[in-house]
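Since the structure comes first, as structure tokens, the remarks are kept for the end.
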Amino acid sequence: MRLADKTIIVTGAASGIGLAFAQRCLREGATVIAVDQSASGLSMIDETDNQNRLLCLAGDVRDKDLALQAVALAEERTGALHGLATAAGISRSGIAIDAISDEDWDAVYSVNVKATWQFMVAAIPAFRRNGGGAVVTVASQLAFGGGAMNAAYIASKGAIVSLTKTAALELAPDHIRVNAIAPGATDTPLFRAGMARNPNPSARENSRNRHAMKRFGEAHEIASGMLYLMSDEASWTTGHTLLVDGGWTAA
């Protein structure tokens, strides 16, 4: 129960890493404000009977009003906001750098970077009222090594690392910690869709073997790293990017 009596907003909560983390937060005793564009997906979050600690908001994370609504709901329900995890993300993989459209580039950045910033900005006043808080953003191991045919996504994840460090410096005086998780290739719907778009038939095998542990990660393994960063166990950790990548960056 490492998150007992805490209220946490999780974006991208209907699938993949966001879903795994939202479920983990519930098991660890938190009240969760789950945000995702998929209303049907949000209905699948609760594994047991935690309805009194789960509140769902369906909408586009790029909508600034949705971020403000999530923060207001957290404070109305429990009186305080303690944490924010920004797991919502999209990819346009399988496209060469000189073939990416303006629309695809802007879409990736608006969801992966701008929405992260907007939710963070919306949460800051509530964190200050509470005397502090914790933010966990979602980067990628690719931000540290690069990769082909996925420029917009990889660039956006590099931006998340830099945004996390900058926010950590600015918000430390307010006792607001900001850290990032950088997963390796994790078996999620987003990853599987990206592999399906890749024109190289060996892409999946190559990606798996690029990791020292010769397998893909599972969403619950990434959620474990996020739990540490969100919890009071990481009380002296800020501005850090935690690589949970199966040895990808070491290989």
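Identifiers in the structure tokens: chain A, B, ... in order shown; residue index from 1 per chain; ligand index from 1 in order shown.
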
Tell me which protein, DNA and RNA residues are within 12 Å of Ala193 (chain A), counting only C-alpha atoms, leaving out same-chain ones fewer than 6 positions away, and put them as a PDB file with N, CA and C atoms, in the first residue's frame.
```pdb
ATOM      1  N   GLY A  16      -2.036  -0.534 -22.390  1.00  0.00           N
ATOM      2  CA  GLY A  16      -0.588  -0.559 -22.298  1.00  0.00           C
ATOM      3  C   GLY A  16      -0.038  -0.172 -20.936  1.00  0.00           C
ATOM      4  N   ILE A  90       1.400   8.464 -28.715  1.00  0.00           N
ATOM      5  CA  ILE A  90       1.134   7.876 -30.024  1.00  0.00           C
ATOM      6  C   ILE A  90       2.444   7.788 -30.794  1.00  0.00           C
ATOM      7  N   SER A  91       2.438   7.012 -31.863  1.00  0.00           N
ATOM      8  CA  SER A  91       3.619   6.835 -32.693  1.00  0.00           C
ATOM      9  C   SER A  91       3.209   6.815 -34.159  1.00  0.00           C
ATOM     10  N   ARG A  92       4.127   7.226 -35.002  1.00  0.00           N
ATOM     11  CA  ARG A  92       3.946   7.110 -36.454  1.00  0.00           C
ATOM     12  C   ARG A  92       5.169   6.404 -37.022  1.00  0.00           C
ATOM     13  N   SER A  93       5.443   5.217 -36.511  1.00  0.00           N
ATOM     14  CA  SER A  93       6.636   4.484 -36.924  1.00  0.00           C
ATOM     15  C   SER A  93       6.460   3.892 -38.317  1.00  0.00           C
ATOM     16  N   GLY A  94       7.584   3.426 -38.858  1.00  0.00           N
ATOM     17  CA  GLY A  94       7.550   2.822 -40.181  1.00  0.00           C
ATOM     18  C   GLY A  94       7.581   3.838 -41.307  1.00  0.00           C
ATOM     19  N   THR A 186       8.288  -2.554 -25.233  1.00  0.00           N
ATOM     20  CA  THR A 186       7.350  -3.183 -24.311  1.00  0.00           C
ATOM     21  C   THR A 186       6.147  -3.692 -25.082  1.00  0.00           C
ATOM     22  N   ASP A 187       5.713  -4.886 -24.780  1.00  0.00           N
ATOM     23  CA  ASP A 187       4.629  -5.536 -25.523  1.00  0.00           C
ATOM     24  C   ASP A 187       3.291  -4.894 -25.173  1.00  0.00           C
ATOM     25  N   ARG A 204      10.572  -7.118 -35.855  1.00  0.00           N
ATOM     26  CA  ARG A 204      10.209  -7.550 -34.502  1.00  0.00           C
ATOM     27  C   ARG A 204      11.325  -8.388 -33.871  1.00  0.00           C
TER      28      ARG A 204
END
```

Determine, for each residue of region 139-162 of chain A having at least one atom at most 12 Å from an atom of region 236-247 of chain A, the closest pair of atoms and their separation in Å to one decimal, counting only C-alpha atoms; order by chain and ascending number, as CSV.
```
residue,atom,partner,partner_atom,distance
A:Ala139,CA,A:Thr241,CA,8.0
A:Ser140,CA,A:Leu243,CA,8.0
A:Gln141,CA,A:Asp245,CA,6.5
A:Leu142,CA,A:Asp245,CA,9.8
A:Ala143,CA,A:Leu243,CA,10.5
A:Phe144,CA,A:Leu243,CA,9.7
A:Gly145,CA,A:Asp245,CA,11.8
A:Lys157,CA,A:Thr241,CA,11.2
A:Gly158,CA,A:Thr241,CA,10.9
A:Ile160,CA,A:Thr241,CA,9.7
A:Val161,CA,A:Thr241,CA,6.9
A:Ser162,CA,A:Gly239,CA,9.0
```

With N, CA and C atoms retained, could you export that selection as an mmCIF file, in the first residue's frame?
```cif
data_model
loop_
_atom_site.group_PDB
_atom_site.id
_atom_site.type_symbol
_atom_site.label_atom_id
_atom_site.label_comp_id
_atom_site.auth_asym_id
_atom_site.auth_seq_id
_atom_site.Cartn_x
_atom_site.Cartn_y
_atom_site.Cartn_z
ATOM 1 N N ALA A 139 9.167 8.523 -21.182
ATOM 2 C CA ALA A 139 10.099 8.733 -22.291
ATOM 3 C C ALA A 139 10.278 7.396 -23.020
ATOM 4 N N SER A 140 11.481 7.089 -23.442
ATOM 5 C CA SER A 140 11.763 5.846 -24.157
ATOM 6 C C SER A 140 13.266 5.637 -24.173
ATOM 7 N N GLN A 141 13.668 4.382 -24.225
ATOM 8 C CA GLN A 141 15.101 4.097 -24.370
ATOM 9 C C GLN A 141 15.631 4.652 -25.683
ATOM 10 N N LEU A 142 14.744 4.823 -26.669
ATOM 11 C CA LEU A 142 15.158 5.324 -27.973
ATOM 12 C C LEU A 142 15.652 6.770 -27.890
ATOM 13 N N ALA A 143 15.261 7.492 -26.847
ATOM 14 C CA ALA A 143 15.737 8.851 -26.668
ATOM 15 C C ALA A 143 17.238 8.883 -26.402
ATOM 16 N N PHE A 144 17.805 7.742 -26.002
ATOM 17 C CA PHE A 144 19.222 7.672 -25.663
ATOM 18 C C PHE A 144 20.054 6.968 -26.733
ATOM 19 N N GLY A 145 19.387 6.349 -27.695
ATOM 20 C CA GLY A 145 20.146 5.626 -28.701
ATOM 21 C C GLY A 145 19.693 5.860 -30.123
ATOM 22 N N LYS A 157 10.285 11.828 -27.532
ATOM 23 C CA LYS A 157 10.709 11.223 -26.270
ATOM 24 C C LYS A 157 11.986 11.874 -25.748
ATOM 25 N N GLY A 158 12.854 12.326 -26.653
ATOM 26 C CA GLY A 158 13.988 13.126 -26.221
ATOM 27 C C GLY A 158 13.525 14.429 -25.583
ATOM 28 N N ILE A 160 10.775 14.814 -23.971
ATOM 29 C CA ILE A 160 10.241 14.480 -22.642
ATOM 30 C C ILE A 160 11.357 14.427 -21.608
ATOM 31 N N VAL A 161 12.498 13.854 -21.967
ATOM 32 C CA VAL A 161 13.636 13.803 -21.037
ATOM 33 C C VAL A 161 14.064 15.208 -20.654
ATOM 34 N N SER A 162 14.176 16.096 -21.627
ATOM 35 C CA SER A 162 14.601 17.466 -21.356
ATOM 36 C C SER A 162 13.547 18.232 -20.572
#
```

Would you compute the distance between CA of Ala58 (chain A) and CA of Leu42 (chain A)? Give it in Å to one decimal.
7.6 Å

Neighbours of Trp105 (chain A) within 10 Å (only C-alpha atoms; same-chain residues fewer than 2 positions away dropped), as a CSV table (one decimal) with N, CA and C atoms, in the first residue's frame?
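See out07.csv below for the written result:
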```
chain,number,residue,atom,x,y,z
A,91,SER,N,2.4,7.0,-31.9
A,91,SER,CA,3.6,6.8,-32.7
A,91,SER,C,3.2,6.8,-34.2
A,92,ARG,N,4.1,7.2,-35.0
A,92,ARG,CA,3.9,7.1,-36.5
A,92,ARG,C,5.2,6.4,-37.0
A,100,ILE,N,7.8,11.8,-43.5
A,100,ILE,CA,6.8,12.2,-42.4
A,100,ILE,C,6.0,13.4,-42.9
A,101,SER,N,4.7,13.4,-42.7
A,101,SER,CA,3.9,14.6,-43.1
A,101,SER,C,3.9,15.6,-41.9
A,102,ASP,N,3.6,16.8,-42.2
A,102,ASP,CA,3.5,17.8,-41.2
A,102,ASP,C,2.4,17.4,-40.2
A,103,GLU,N,1.3,16.8,-40.7
A,103,GLU,CA,0.2,16.4,-39.8
A,103,GLU,C,0.7,15.3,-38.8
A,107,ALA,N,1.0,15.8,-34.8
A,107,ALA,CA,0.1,14.9,-34.0
A,107,ALA,C,0.9,14.2,-32.9
A,108,VAL,N,2.1,13.7,-33.3
A,108,VAL,CA,2.9,13.0,-32.3
A,108,VAL,C,3.4,14.0,-31.2
A,109,TYR,N,3.8,15.2,-31.6
A,109,TYR,CA,4.3,16.1,-30.6
A,109,TYR,C,3.2,16.7,-29.7
A,110,SER,N,2.0,16.8,-30.3
A,110,SER,CA,0.9,17.4,-29.5
A,110,SER,C,0.5,16.4,-28.4
A,151,ALA,N,11.2,8.9,-36.5
A,151,ALA,CA,11.8,10.1,-36.1
A,151,ALA,C,11.0,11.0,-35.2
A,152,ALA,N,9.7,11.1,-35.5
A,152,ALA,CA,8.8,12.0,-34.7
A,152,ALA,C,8.7,11.5,-33.3
A,153,TYR,N,8.4,10.2,-33.2
A,153,TYR,CA,8.3,9.6,-31.9
A,153,TYR,C,9.6,9.7,-31.0
A,155,ALA,N,12.1,11.7,-31.4
A,155,ALA,CA,12.4,13.1,-31.1
A,155,ALA,C,11.5,13.6,-29.9
A,156,SER,N,10.2,13.2,-29.9
A,156,SER,CA,9.3,13.6,-28.9
A,156,SER,C,9.7,13.0,-27.5
```

List every residue of region 57-237 of chain A that DSSP, applied to the backbone of this structure, assigns to strand (DSSP E or B), and report them as a VMD selection string.
chain A and resid 57 to 58 83 to 86 95 133 to 138 150 176 to 183 186 217

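Across A:Ala185, A:Gly132, A:Ala172, A:Gln37, the tightest approach to Asn206 (chain A) is made by A:Ala185 when counting only C-alpha atoms.
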
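Atom pair CA of Ala180 (chain A) / CA of Ala234 (chain A): separated by 12.2 Å.
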
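CA of Val35 (chain A) is positioned 12.2 Å from CA of Gly89 (chain A).
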
Check which residues of region 83-188 of chain A sit at most 8 Å from region 67-72 of chain A using only C-alpha atoms, and return one row each with the closest pair of atoms and their distance in Å to one decimal, ordered by chain and rising number, as JSON lines.
```
{"residue": "A:Gln118", "atom": "CA", "partner": "A:Ala67", "partner_atom": "CA", "distance": 6.9}
{"residue": "A:Phe119", "atom": "CA", "partner": "A:Ala67", "partner_atom": "CA", "distance": 5.1}
{"residue": "A:Ala122", "atom": "CA", "partner": "A:Leu68", "partner_atom": "CA", "distance": 5.5}
{"residue": "A:Ala123", "atom": "CA", "partner": "A:Val71", "partner_atom": "CA", "distance": 6.1}
{"residue": "A:Ala126", "atom": "CA", "partner": "A:Val71", "partner_atom": "CA", "distance": 7.2}
```

As a tab-separated table (two decimals) with C-alpha atoms, in the first residue's frame, please: every residue in region 106-148 of chain A that DSSP puts in alpha helix (DSSP H).
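Full text of out-v2.tsv as output:
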```
chain	number	residue	atom	x	y	z
A	106	ASP	CA	2.43	17.68	-35.20
A	107	ALA	CA	0.11	14.94	-33.96
A	108	VAL	CA	2.94	13.03	-32.29
A	109	TYR	CA	4.33	16.13	-30.61
A	115	ALA	CA	-0.23	17.18	-23.57
A	116	THR	CA	2.41	16.12	-21.01
A	117	TRP	CA	3.25	19.79	-20.46
A	118	GLN	CA	-0.42	20.83	-20.29
A	119	PHE	CA	-1.30	18.23	-17.66
A	120	MET	CA	1.79	19.15	-15.67
A	121	VAL	CA	0.91	22.85	-15.77
A	122	ALA	CA	-2.68	22.09	-14.75
A	123	ALA	CA	-1.47	20.03	-11.79
A	124	ILE	CA	1.13	22.48	-10.43
A	125	PRO	CA	-1.32	24.76	-8.54
A	126	ALA	CA	-2.93	21.72	-6.88
A	127	PHE	CA	0.47	20.34	-5.91
A	128	ARG	CA	1.40	23.69	-4.40
A	129	ARG	CA	-1.82	23.78	-2.41
A	130	ASN	CA	-0.98	20.30	-1.14
A	142	LEU	CA	15.16	5.32	-27.97
A	143	ALA	CA	15.74	8.85	-26.67
A	144	PHE	CA	19.22	7.67	-25.66
A	145	GLY	CA	20.15	5.63	-28.70
```
